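Asks: Just one file: structure.cif, with mmCIF, C-alpha atoms and all ligand atoms.
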data_start
loop_
_atom_site.label_atom_id
_atom_site.label_comp_id
_atom_site.auth_asym_id
_atom_site.auth_seq_id
_atom_site.Cartn_x
_atom_site.Cartn_y
_atom_site.Cartn_z
CA MET A 1 9.61 -3.04 -26.17
CA CYS A 2 7.20 -5.21 -24.21
CA GLY A 3 9.54 -8.21 -24.22
CA PRO A 4 8.83 -11.86 -24.96
CA VAL A 5 5.41 -13.42 -25.27
CA THR A 6 5.21 -14.83 -21.76
CA LYS A 7 2.41 -16.76 -20.12
CA GLU A 8 1.37 -13.52 -18.40
CA ASN A 9 1.26 -11.58 -21.65
CA ARG A 10 -0.91 -14.30 -23.17
CA LEU A 11 -3.20 -14.06 -20.16
CA ILE A 12 -3.59 -10.33 -20.70
CA ARG A 13 -4.17 -10.78 -24.44
CA LYS A 14 -6.69 -13.56 -23.89
CA ASN A 15 -8.72 -11.27 -21.67
CA SER A 16 -8.11 -7.96 -23.39
CA ALA A 17 -11.44 -7.92 -25.27
CA TYR A 18 -13.23 -8.26 -21.95
CA MET A 19 -11.12 -5.58 -20.34
CA ILE A 20 -11.75 -3.08 -23.12
CA ASN A 21 -15.46 -3.46 -22.44
CA LEU A 22 -14.95 -2.86 -18.75
CA SER A 23 -12.96 0.32 -19.11
CA ARG A 24 -14.65 1.71 -22.19
CA GLY A 25 -14.92 5.23 -20.75
CA GLU A 26 -11.20 5.65 -20.46
CA ARG A 27 -10.24 3.61 -23.49
CA MET A 28 -12.55 5.61 -25.75
CA ASN A 29 -10.55 8.75 -25.25
CA ASN A 30 -7.30 6.72 -25.02
CA PHE A 31 -6.38 8.13 -21.62
CA ILE A 32 -3.46 6.31 -19.99
CA PRO A 33 -3.84 6.57 -16.20
CA TYR A 34 -0.91 6.19 -13.80
CA GLY A 35 -2.42 3.00 -12.37
CA LYS A 36 -5.48 0.83 -12.72
CA GLN A 37 -6.95 -2.53 -11.88
CA TYR A 38 -6.89 -5.62 -14.04
CA ILE A 39 -10.17 -7.52 -13.79
CA ASP A 40 -10.95 -10.49 -16.00
CA LYS A 41 -13.88 -12.82 -16.49
CA ASP A 42 -12.66 -15.26 -13.80
CA ASP A 43 -12.66 -12.42 -11.28
CA ILE A 44 -16.17 -11.34 -12.22
CA ASP A 45 -17.49 -14.91 -12.16
CA SER A 46 -15.93 -15.50 -8.72
CA ALA A 47 -17.59 -12.43 -7.21
CA ALA A 48 -20.89 -13.09 -8.99
CA GLU A 49 -21.05 -16.64 -7.66
CA VAL A 50 -20.91 -15.35 -4.08
CA LEU A 51 -23.55 -12.72 -4.80
CA GLY A 52 -25.90 -15.57 -5.62
CA SER A 53 -25.06 -17.48 -2.43
CA ASP A 54 -26.37 -17.27 1.14
CA PHE A 55 -23.47 -15.19 2.47
CA ILE A 56 -22.72 -11.84 1.00
CA THR A 57 -21.10 -10.17 3.97
CA THR A 58 -18.90 -12.19 6.36
CA GLY A 59 -18.89 -15.77 5.05
CA PRO A 60 -16.45 -18.54 4.10
CA LYS A 61 -14.59 -16.49 1.47
CA VAL A 62 -13.30 -14.09 4.13
CA LYS A 63 -11.33 -16.84 5.89
CA GLU A 64 -10.22 -18.33 2.58
CA PHE A 65 -8.91 -14.95 1.39
CA GLU A 66 -7.11 -14.44 4.70
CA GLN A 67 -5.48 -17.85 4.33
CA SER A 68 -4.34 -16.93 0.78
CA ILE A 69 -2.78 -13.74 2.17
CA CYS A 70 -1.00 -15.73 4.91
CA ASN A 71 0.28 -18.22 2.35
CA PHE A 72 1.51 -15.53 -0.01
CA CYS A 73 3.05 -13.24 2.61
CA ASN A 74 4.37 -15.99 4.82
CA CYS A 75 2.76 -14.74 8.04
CA LYS A 76 0.66 -16.48 10.69
CA TYR A 77 -2.43 -14.29 10.79
CA ALA A 78 -4.28 -12.01 8.38
CA VAL A 79 -7.37 -9.95 9.18
CA SER A 80 -9.12 -8.58 6.10
CA VAL A 81 -11.00 -5.29 6.38
CA SER A 82 -12.86 -2.70 4.32
CA SER A 83 -9.83 -0.57 3.33
CA GLY A 84 -6.12 -0.10 3.85
CA THR A 85 -6.96 2.86 6.07
CA ALA A 86 -9.22 0.69 8.24
CA ALA A 87 -6.33 -1.80 8.43
CA LEU A 88 -3.98 0.99 9.58
CA HIS A 89 -6.51 2.20 12.13
CA ILE A 90 -7.06 -1.12 13.90
CA ALA A 91 -3.37 -1.96 13.58
CA SER A 92 -2.54 1.30 15.36
CA LEU A 93 -5.07 0.66 18.12
CA SER A 94 -3.39 -2.70 18.65
CA ILE A 95 0.12 -1.34 19.16
CA LEU A 96 -0.16 2.30 20.27
CA LYS A 97 -1.37 4.17 23.31
CA PRO A 98 -2.40 7.84 23.51
CA PHE A 99 0.63 10.19 23.62
CA ASP A 100 3.03 7.56 22.25
CA LYS A 101 5.58 9.21 19.96
CA VAL A 102 5.78 7.50 16.57
CA LEU A 103 8.56 7.91 13.99
CA VAL A 104 6.86 8.12 10.61
CA THR A 105 7.67 8.83 6.99
CA PRO A 106 6.29 12.04 5.50
CA ASN A 107 6.43 10.47 2.01
CA THR A 108 3.19 8.54 2.22
CA PHE A 109 -0.53 8.76 1.74
CA LEU A 110 -2.31 10.75 4.45
CA SER A 111 -3.76 7.74 6.24
CA THR A 112 -0.40 6.32 7.39
CA VAL A 113 -0.06 9.42 9.57
CA ASN A 114 -3.73 10.20 10.24
CA VAL A 115 -4.17 6.88 12.06
CA ILE A 116 -1.49 7.93 14.55
CA ILE A 117 -3.69 10.94 15.30
CA TYR A 118 -6.83 8.76 15.50
CA THR A 119 -5.21 6.84 18.35
CA GLY A 120 -4.16 9.99 20.22
CA ALA A 121 -0.48 9.34 19.52
CA ILE A 122 2.08 11.84 18.21
CA PRO A 123 3.74 11.68 14.76
CA VAL A 124 7.46 12.46 14.60
CA PHE A 125 8.36 12.93 10.94
CA ILE A 126 11.71 11.56 9.81
CA ASP A 127 13.37 12.50 6.51
CA ILE A 128 13.53 10.05 3.61
CA ASP A 129 16.51 8.35 2.02
CA ASN A 130 17.44 8.62 -1.65
CA GLU A 131 14.93 5.95 -2.65
CA GLY A 132 11.89 7.59 -1.04
CA ASN A 133 11.76 5.35 2.06
CA ILE A 134 12.00 6.53 5.64
CA ASP A 135 15.69 6.95 6.48
CA LEU A 136 16.28 4.12 8.95
CA ASP A 137 19.70 5.51 9.93
CA ALA A 138 18.04 8.81 10.84
CA CYS A 139 15.48 6.79 12.85
CA THR A 140 18.32 5.09 14.75
CA ARG A 141 19.96 8.44 15.52
CA LYS A 142 16.64 9.82 16.76
CA LEU A 143 16.02 6.73 18.92
CA GLU A 144 19.50 7.03 20.45
CA LYS A 145 18.68 10.58 21.55
CA ASP A 146 15.05 10.22 22.58
CA ASN A 147 13.98 7.23 24.67
CA SER A 148 10.36 8.36 24.79
CA ILE A 149 9.72 7.11 21.25
CA LYS A 150 7.45 4.09 21.24
CA ALA A 151 6.98 3.10 17.60
CA LEU A 152 8.14 3.36 14.00
CA TYR A 153 5.84 3.46 10.96
CA GLY A 154 7.52 2.96 7.59
CA ILE A 155 6.15 2.25 4.16
CA HIS A 156 7.86 0.24 1.44
CA PHE A 157 7.63 3.18 -0.90
CA SER A 158 6.70 2.33 -4.51
CA GLY A 159 7.16 -1.38 -3.70
CA ASN A 160 10.81 -1.10 -2.64
CA PRO A 161 11.05 -2.91 0.70
CA LEU A 162 12.64 -1.38 3.78
CA ASN A 163 16.06 -2.71 4.71
CA GLN A 164 15.15 -5.62 7.00
CA GLU A 165 18.58 -5.84 8.63
CA LYS A 166 18.24 -2.23 9.80
CA LEU A 167 14.67 -2.88 10.94
CA LYS A 168 15.82 -5.92 12.90
CA HIS A 169 18.58 -3.90 14.53
CA ILE A 170 16.12 -1.15 15.54
CA LYS A 171 13.63 -3.68 16.88
CA SER A 172 16.17 -5.52 19.01
CA LYS A 173 18.08 -2.47 20.24
CA PHE A 174 15.22 -0.10 21.07
CA LYS A 175 12.33 -2.55 21.70
CA ILE A 176 9.80 -0.28 20.01
CA ALA A 177 6.68 -1.33 18.11
CA ILE A 178 7.14 -1.44 14.33
CA LEU A 179 4.42 -1.18 11.70
CA GLU A 180 5.22 -1.85 8.05
CA ASP A 181 2.77 -0.19 5.68
CA CYS A 182 2.94 -2.61 2.75
CA ALA A 183 0.19 -0.93 0.71
CA HIS A 184 2.75 -0.58 -2.12
CA SER A 185 4.65 -3.80 -1.64
CA LEU A 186 2.52 -6.92 -1.88
CA GLY A 187 4.90 -9.37 -3.57
CA ALA A 188 8.09 -7.48 -2.72
CA TYR A 189 10.81 -9.22 -0.73
CA TYR A 190 14.05 -8.35 1.01
CA LYS A 191 16.49 -11.25 0.61
CA ASN A 192 14.25 -14.13 1.73
CA ILE A 193 11.85 -11.95 3.73
CA GLN A 194 8.49 -11.43 2.09
CA ALA A 195 6.72 -8.06 2.49
CA ALA A 196 3.99 -8.22 5.15
CA SER A 197 5.54 -11.33 6.72
CA CYS A 198 6.22 -9.23 9.86
CA LYS A 199 9.58 -10.94 10.29
CA ASN A 200 11.07 -7.83 11.90
CA SER A 201 7.94 -5.94 12.82
CA ASP A 202 4.83 -6.37 14.95
CA ILE A 203 2.29 -5.72 12.28
CA SER A 204 1.90 -4.94 8.58
CA ILE A 205 -0.94 -3.65 6.47
CA LEU A 206 -2.02 -4.12 2.85
CA SER A 207 -4.42 -2.16 0.63
CA PHE A 208 -6.55 -3.60 -2.14
CA HIS A 209 -7.55 -0.30 -3.73
CA PRO A 210 -7.84 -0.68 -7.54
CA VAL A 211 -4.42 0.85 -8.28
CA LYS A 212 -2.70 -1.67 -6.00
CA HIS A 213 -1.32 -5.08 -6.98
CA ILE A 214 -4.60 -6.87 -6.42
CA THR A 215 -8.00 -5.36 -5.79
CA THR A 216 -11.21 -6.07 -3.92
CA GLY A 217 -12.73 -2.73 -4.98
CA GLU A 218 -11.96 -1.14 -1.65
CA GLY A 219 -10.27 -3.38 0.90
CA GLY A 220 -7.26 -4.03 3.05
CA ALA A 221 -5.70 -6.46 5.50
CA VAL A 222 -3.56 -6.50 8.60
CA THR A 223 -0.95 -9.21 9.03
CA THR A 224 0.86 -10.28 12.19
CA ASN A 225 2.52 -13.29 13.80
CA LYS A 226 1.25 -12.43 17.27
CA LYS A 227 -1.88 -14.19 18.50
CA ARG A 228 -2.69 -11.45 21.04
CA ILE A 229 -2.64 -8.78 18.34
CA PHE A 230 -4.63 -11.00 15.97
CA LYS A 231 -7.39 -11.42 18.56
CA LYS A 232 -7.57 -7.70 19.18
CA LEU A 233 -7.73 -6.98 15.46
CA THR A 234 -10.62 -9.39 14.86
CA ALA A 235 -12.58 -7.77 17.70
CA LEU A 236 -11.83 -4.21 16.54
CA ARG A 237 -12.97 -5.06 13.00
CA ASN A 238 -16.39 -6.05 14.35
CA HIS A 239 -17.49 -3.45 16.92
CA GLY A 240 -15.14 -4.84 19.59
CA ILE A 241 -17.32 -7.93 19.97
CA ILE A 242 -15.75 -11.01 21.55
CA LYS A 243 -17.25 -14.43 22.18
CA GLU A 244 -14.83 -15.89 24.73
CA ASN A 245 -13.13 -15.00 28.03
CA PHE A 246 -16.31 -13.37 29.29
CA LYS A 247 -15.99 -10.99 32.22
CA ASN A 248 -19.68 -10.93 33.09
CA LYS A 249 -20.19 -14.60 34.01
CA GLY A 250 -23.68 -13.97 35.40
CA MET A 251 -24.81 -12.77 31.98
CA ALA A 252 -22.83 -15.30 29.95
CA PHE A 253 -24.12 -18.46 31.66
CA ASP A 254 -27.55 -19.61 32.89
CA GLU A 255 -28.24 -21.05 36.36
CA LYS A 256 -27.31 -24.57 35.13
CA GLY A 257 -23.98 -23.35 33.80
CA ASN A 258 -25.03 -23.41 30.10
CA LEU A 259 -23.48 -20.74 27.92
CA ASN A 260 -26.17 -18.38 26.65
CA PRO A 261 -25.64 -18.99 22.93
CA TRP A 262 -26.61 -15.44 21.85
CA TYR A 263 -24.27 -13.80 24.31
CA TYR A 264 -21.35 -11.55 23.37
CA GLU A 265 -19.29 -8.96 25.17
CA MET A 266 -17.49 -5.77 24.29
CA HIS A 267 -14.38 -4.81 26.26
CA TYR A 268 -13.45 -1.80 24.11
CA PRO A 269 -15.41 -0.10 21.33
CA GLY A 270 -14.57 -1.26 17.81
CA PHE A 271 -15.84 -0.48 14.33
CA ASN A 272 -17.70 -1.99 11.44
CA TYR A 273 -14.63 -2.46 9.23
CA ARG A 274 -15.80 -5.81 7.81
CA ILE A 275 -15.11 -6.70 4.20
CA THR A 276 -17.77 -8.58 2.23
CA ASP A 277 -17.63 -12.17 1.05
CA PHE A 278 -17.96 -11.20 -2.60
CA GLN A 279 -15.03 -8.79 -2.27
CA CYS A 280 -12.99 -11.62 -0.77
CA ALA A 281 -14.02 -13.94 -3.64
CA LEU A 282 -12.62 -11.28 -5.98
CA GLY A 283 -9.48 -11.07 -3.83
CA ILE A 284 -8.95 -14.85 -3.97
CA SER A 285 -9.29 -14.81 -7.74
CA GLN A 286 -6.92 -11.82 -7.99
CA ILE A 287 -4.22 -13.23 -5.71
CA LYS A 288 -3.98 -16.29 -7.99
CA LYS A 289 -2.81 -13.91 -10.74
CA LEU A 290 -0.48 -11.88 -8.52
CA GLU A 291 2.78 -13.50 -9.69
CA GLY A 292 1.80 -12.72 -13.27
CA PHE A 293 0.90 -9.13 -12.38
CA LEU A 294 4.25 -8.66 -10.68
CA LYS A 295 6.13 -9.98 -13.72
CA LEU A 296 4.31 -7.55 -15.98
CA ARG A 297 5.01 -4.60 -13.66
CA LYS A 298 8.69 -5.56 -13.54
CA GLN A 299 8.87 -5.84 -17.32
CA ILE A 300 7.46 -2.31 -17.66
CA ALA A 301 9.95 -1.00 -15.06
CA GLN A 302 12.82 -2.52 -17.03
CA ASN A 303 11.53 -0.94 -20.24
CA TYR A 304 11.34 2.48 -18.59
CA ASP A 305 14.78 2.06 -17.03
CA LYS A 306 16.23 1.30 -20.45
CA ALA A 307 14.51 4.30 -22.04
CA PHE A 308 15.85 6.80 -19.46
CA LEU A 309 19.27 5.20 -19.05
CA ASP A 310 21.31 7.94 -20.75
CA ASN A 311 19.10 10.88 -19.95
CA ASP A 312 20.69 13.59 -17.82
CA ILE A 313 17.37 15.19 -16.81
CA ILE A 314 15.12 12.19 -16.12
CA LYS A 315 16.33 9.61 -13.59
CA PRO A 316 14.45 6.61 -12.25
CA LEU A 317 14.04 6.83 -8.46
CA TYR A 318 16.17 3.69 -8.30
CA THR A 319 17.62 1.45 -10.96
CA TYR A 320 15.89 -1.84 -11.53
CA LYS A 321 15.34 -4.00 -8.46
CA GLU A 322 14.04 -7.51 -8.96
CA ASN A 323 12.72 -7.52 -5.39
CA SER A 324 10.56 -4.38 -5.76
CA ALA A 325 6.85 -4.93 -6.34
CA TYR A 326 6.72 -1.78 -8.54
CA HIS A 327 3.40 -0.44 -7.37
CA LEU A 328 4.76 2.87 -8.65
CA TYR A 329 7.40 3.82 -11.15
CA VAL A 330 8.77 7.16 -10.00
CA ILE A 331 11.10 9.37 -12.01
CA ARG A 332 12.98 12.38 -10.72
CA ILE A 333 13.21 15.28 -13.12
CA ASP A 334 15.79 18.03 -12.80
CA PHE A 335 13.49 20.97 -13.46
CA SER A 336 16.37 23.41 -12.95
CA LYS A 337 17.52 22.37 -16.44
CA LEU A 338 14.10 22.97 -18.00
CA THR A 339 12.04 26.02 -18.90
CA ILE A 340 8.84 24.14 -18.03
CA THR A 341 7.55 23.69 -14.48
CA LYS A 342 6.30 20.45 -12.98
CA ALA A 343 2.70 21.71 -13.13
CA GLU A 344 3.10 22.64 -16.80
CA LEU A 345 4.56 19.22 -17.63
CA PHE A 346 1.78 17.50 -15.70
CA ASN A 347 -0.89 19.51 -17.56
CA LEU A 348 0.78 18.95 -20.91
CA ALA A 349 0.76 15.20 -20.23
CA ARG A 350 -2.98 15.39 -19.43
CA LYS A 351 -3.58 17.16 -22.75
CA ASN A 352 -1.75 14.27 -24.37
CA ASN A 353 -3.97 11.75 -22.55
CA ILE A 354 -1.27 10.65 -20.12
CA GLY A 355 -1.98 10.60 -16.42
CA PHE A 356 0.94 11.33 -14.13
CA GLN A 357 0.66 11.53 -10.37
CA VAL A 358 2.80 12.85 -7.54
CA HIS A 359 3.53 10.54 -4.62
CA TYR A 360 3.50 12.31 -2.24
CA ILE A 361 2.94 15.82 -0.97
CA PRO A 362 4.94 15.68 2.32
CA VAL A 363 2.24 14.95 4.90
CA TYR A 364 3.50 17.58 7.37
CA LYS A 365 2.80 20.26 4.71
CA GLN A 366 -0.95 19.63 5.00
CA PRO A 367 -2.76 22.56 6.67
CA TYR A 368 -4.01 20.24 9.43
CA TYR A 369 -0.45 19.22 10.39
CA GLN A 370 0.88 22.76 9.91
CA LYS A 371 -1.72 23.96 12.42
CA LEU A 372 -0.89 21.09 14.75
CA GLY A 373 2.65 22.38 15.20
CA TYR A 374 4.71 21.16 12.25
CA SER A 375 4.81 24.48 10.37
CA SER A 376 8.51 25.08 11.00
CA LEU A 377 9.52 21.53 10.03
CA ARG A 378 11.82 21.28 7.00
CA LEU A 379 12.98 17.87 5.84
CA GLU A 380 15.52 18.50 3.13
CA ASN A 381 15.47 15.22 1.21
CA THR A 382 11.69 14.97 1.38
CA GLU A 383 11.21 18.46 0.01
CA LYS A 384 13.81 18.11 -2.75
CA TYR A 385 12.29 14.76 -3.69
CA TYR A 386 8.78 16.28 -3.79
CA ASN A 387 9.93 18.99 -6.21
CA GLU A 388 11.36 16.44 -8.62
CA ALA A 389 9.20 13.32 -8.37
CA LEU A 390 6.62 12.18 -10.86
CA SER A 391 4.88 8.79 -10.96
CA ILE A 392 4.39 7.58 -14.51
CA PRO A 393 1.92 4.90 -15.66
CA ILE A 394 2.54 1.34 -14.53
CA TYR A 395 -0.07 -1.43 -14.33
CA PRO A 396 -0.31 -4.96 -15.71
CA ALA A 397 -2.34 -4.15 -18.82
CA LEU A 398 -0.19 -1.18 -19.90
CA ASN A 399 0.78 -2.37 -23.35
CA GLN A 400 3.91 -1.80 -25.40
CA LYS A 401 2.38 1.00 -27.47
CA GLU A 402 1.18 2.84 -24.36
CA GLN A 403 4.60 2.53 -22.73
CA GLU A 404 6.15 4.00 -25.86
CA ILE A 405 3.67 6.89 -25.82
CA VAL A 406 4.70 7.72 -22.23
CA ILE A 407 8.43 7.42 -22.97
CA ASP A 408 8.24 9.44 -26.18
CA PHE A 409 6.23 12.16 -24.47
CA LEU A 410 8.79 12.52 -21.69
CA LEU A 411 11.88 12.36 -23.88
CA ASP A 412 10.36 14.85 -26.33
CA ALA A 413 9.32 17.21 -23.53
CA VAL A 414 12.74 17.35 -21.89
CA GLU A 415 14.38 17.89 -25.27
CA ARG A 416 11.90 20.59 -26.29
CA PHE A 417 12.03 22.50 -22.99
CA LYS A 418 15.74 22.19 -22.24
CA LYS A 419 17.31 25.50 -21.12
C1 LIG A 501 1.12 3.82 1.61
C2 LIG A 501 -0.37 3.78 1.75
N1 LIG A 501 -0.90 3.48 2.94
C3 LIG A 501 -2.23 3.41 3.12
C4 LIG A 501 -3.10 3.64 2.10
C5 LIG A 501 -4.57 3.58 2.35
O1 LIG A 501 -5.17 2.51 1.67
P1 LIG A 501 -6.72 2.58 1.25
O2 LIG A 501 -6.84 3.50 0.09
O3 LIG A 501 -7.02 1.14 0.88
O4 LIG A 501 -7.49 3.03 2.43
C6 LIG A 501 -2.61 3.95 0.83
C7 LIG A 501 -3.53 4.21 -0.27
O5 LIG A 501 -3.21 4.68 -1.31
C8 LIG A 501 -1.21 4.02 0.64
O6 LIG A 501 -0.67 4.30 -0.54
#
Here is a file; write its structure as structure tokens.

Replies:
Amino acid sequence: MCGPVTKENRLIRKNSAYMINLSRGERMNNFIPYGKQYIDKDDIDSAAEVLGSDFITTGPKVKEFEQSICNFCNCKYAVSVSSGTAALHIASLSILKPFDKVLVTPNTFLSTVNVIIYTGAIPVFIDIDNEGNIDLDACTRKLEKDNSIKALYGIHFSGNPLNQEKLKHIKSKFKIAILEDCAHSLGAYYKNIQAASCKNSDISILSFHPVKHITTGEGGAVTTNKKRIFKKLTALRNHGIIKENFKNKGMAFDEKGNLNPWYYEMHYPGFNYRITDFQCALGISQIKKLEGFLKLRKQIAQNYDKAFLDNDIIKPLYTYKENSAYHLYVIRIDFSKLTITKAELFNLARKNNIGFQVHYIPVYKQPYYQKLGYSSLRLENTEKYYNEALSIPIYPALNQKEQEIVIDFLLDAVERFKK
């Protein structure tokens, strides 16, 4: 079921003894999570080497990691930070103003929307399409009716990139700011446009949380092609500190015109969102394996697709796409044909040592957003999708036997609980 013995499979096998040691807790009770990191000896050695060096916070590995991101994503600038959420926060401060209205997907992790609130802007939730992404046609219709909208935030849900032609059309017609949340899509591409290349957007973000394609423990990055935005991001990451274009010349220079070498200025308050050098060393080591990770994820997606092909109750969210980065593999289950509820199936899977997850609870259903004024909002596709969707395990080291356990569990369950 796992396909041919590829270079990537050999890589996993070569390192599997090491990995079993690292994840002993979970392996001992044979639990199969929905996602997890793959860390090998090279990764550990790379991080350990930096821990023994002079720089453990910002040092040379930060720039090197950012260059690797630029090379991989085909963008001009990358600013690495302490999490994907930090990336979203400083990205938002770079493109939004208070009271800006922002079109945003409700099918995302909380932080994609929370950062709009952090900046004092206003989320406008748009329904999703049949593949879980923000419906770009619905965005266009909204923009045609409401010229007060200033931005659009979309994610490439599960790794499936947004339609770049539609994004380009929106950008050129409505001249709004566009942020692509690429937390799920490192390595995805739309035709020849790489995710996070910002070809048709102002800014993109990545997350390096352990369930993502590559990890730095916690970590994230913002990418852009715009120098002005890049400069703002680097300042915001580090308390708002800048070391050029000083406003206070009397403080910056001495009476002979020498620059005071200790001097810095702050023009707007920033944060400590720095990532460490040893995290970046891990990131550099991980990104070298990214192509292999992507191949393994795609192989698993193809295996799942094949297993559910003829099933009339379980449907993959979309049939196999070579250009998806498969951060998630989502199935939709028609519970109206079953005597078991989604919660019961989820709990039964847990009892069988299989970890499912639900991506996502529609963000506007959160009590905070309900109280903020979204309590009467009903987005039909989003809510139908939420009732049916289940993310099943996918990660590079998920082996053939584990994939079969997941497939057999699901096929057995729908057979057993059919009405
Ligand atoms: C779509 C999306 N955006 C943003 C984030 C936030 O990333 P982080 O966990 O690195 O803060 C996540 C995390 O899961 C995510 O899935």

Asks: Between CA of Leu236 in chain A and atom P1 of ligand LIG 501 (chain A), what is the distance in Å, rounded to a tenth?

Replies: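 A separation of 17.5 Å between them.
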
Asks: Which of these, A:Ala78, A:Val358, A:Val414, A:Leu233, has the shortest distance to Phe346 in chain A once you count all atoms listed in the file?

Replies: A:Val358

Asks: Collect all residues with atoms no farther than 8 Å from ligand LIG 501 (chain A), counting all atoms listed in the file, and output them as a list of chain:residue names.

Replies: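 For ligand LIG 501 (chain A), the residues inside 8 Å are A:Ser82, A:Ser83, A:Gly84, A:Thr85, A:Ala86, A:Ala87, A:Leu88, A:Thr108, A:Phe109, A:Leu110, A:Ser111, A:Thr112, A:Ile155, A:His156, A:Phe157, A:Asp181, A:Cys182, A:Ala183, A:His184, A:Ile205, A:Leu206, A:Ser207, A:Phe208, A:His209, A:Lys212, A:Glu218, A:Gly219, A:Gly220.
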
Asks: Which neighbours of Asp129 in chain A fall inside 12 Å, counting all atoms listed in the file, when residues of the same chain fewer than 5 positions from it are skipped, and could you give them as a list in words?

Replies: Thr105, Pro106, Asn107, Ile134, Asp135, Leu136, Asp137, Ala138, Cys139, Gly154, His156, Phe157, Asn160, Leu162, Asn163, Leu317, Tyr318, Leu379, Glu380, Asn381, Thr382, Glu383, Lys384 and Tyr385 of chain A

Asks: Each residue of range 196-268 of chain A with at least one atom at most 12 Å from range 291-295 of chain A should appear once, together with its nearest atom pair and the corresponding distance in Å (one decimal); atoms considered: all atoms listed in the file; ordering: chain, then increasing residue number; output as JSON lines.

Replies:
{"residue": "A:Lys212", "atom": "CA", "partner": "A:Phe293", "partner_atom": "CA", "distance": 10.5}
{"residue": "A:His213", "atom": "CA", "partner": "A:Phe293", "partner_atom": "CA", "distance": 7.1}
{"residue": "A:Ile214", "atom": "CA", "partner": "A:Phe293", "partner_atom": "CA", "distance": 8.4}
{"residue": "A:Thr215", "atom": "CA", "partner": "A:Phe293", "partner_atom": "CA", "distance": 11.7}

Asks: Closest to Glu402 in chain A among A:Asn192, A:Gly355, A:Ala325, A:Lys315, using all atoms listed in the file?

Replies: A:Gly355

Asks: What's around Lys142 in chain A at 9 Å? Count all atoms listed in the file, leave out sequence neighbours fewer than 6 positions away in its own chain, and write the answer as a VMD selection string.

Replies: chain A and resid 103 126 149

Asks: As a JSON list (two decimals) with C-alpha atoms, keeping the file's coordinate frame, please: the residues near range 57-62 of chain A (cut-off 9 Å, all atoms listed in the file, same-chain neighbours under 2 positions excluded).

Replies:
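See out.json below for the written result:
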[["chain", "number", "residue", "atom", "x", "y", "z"],
["A", 50, "VAL", "CA", -20.91, -15.35, -4.08],
["A", 54, "ASP", "CA", -26.37, -17.27, 1.14],
["A", 55, "PHE", "CA", -23.47, -15.19, 2.47],
["A", 64, "GLU", "CA", -10.22, -18.33, 2.58],
["A", 65, "PHE", "CA", -8.91, -14.95, 1.39],
["A", 66, "GLU", "CA", -7.11, -14.44, 4.70],
["A", 67, "GLN", "CA", -5.48, -17.85, 4.33],
["A", 79, "VAL", "CA", -7.37, -9.95, 9.18],
["A", 80, "SER", "CA", -9.12, -8.58, 6.10],
["A", 274, "ARG", "CA", -15.80, -5.81, 7.81],
["A", 275, "ILE", "CA", -15.11, -6.70, 4.20],
["A", 276, "THR", "CA", -17.77, -8.58, 2.23],
["A", 277, "ASP", "CA", -17.63, -12.17, 1.05],
["A", 278, "PHE", "CA", -17.96, -11.20, -2.60],
["A", 279, "GLN", "CA", -15.03, -8.79, -2.27],
["A", 280, "CYS", "CA", -12.99, -11.62, -0.77],
["A", 281, "ALA", "CA", -14.02, -13.94, -3.64],
["A", 284, "ILE", "CA", -8.95, -14.85, -3.97]]

Asks: Would you please work out which residue, of A:Cys198, A:Ile314, A:Val363, A:Leu348, is nearest to Tyr77 in chain A when using only C-alpha atoms?

Replies: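 Distance minimum relative to Tyr77 in chain A lands on A:Cys198.
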
Asks: Point out the residue among A:Asn245, A:Ser391, A:Ser375, A:Thr216 with the least atom-to-atom distance to Phe356 in chain A, counting all atoms listed in the file.

Replies: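 Among A:Asn245, A:Ser391, A:Ser375, A:Thr216, it is A:Ser391 that comes nearest to Phe356 in chain A.
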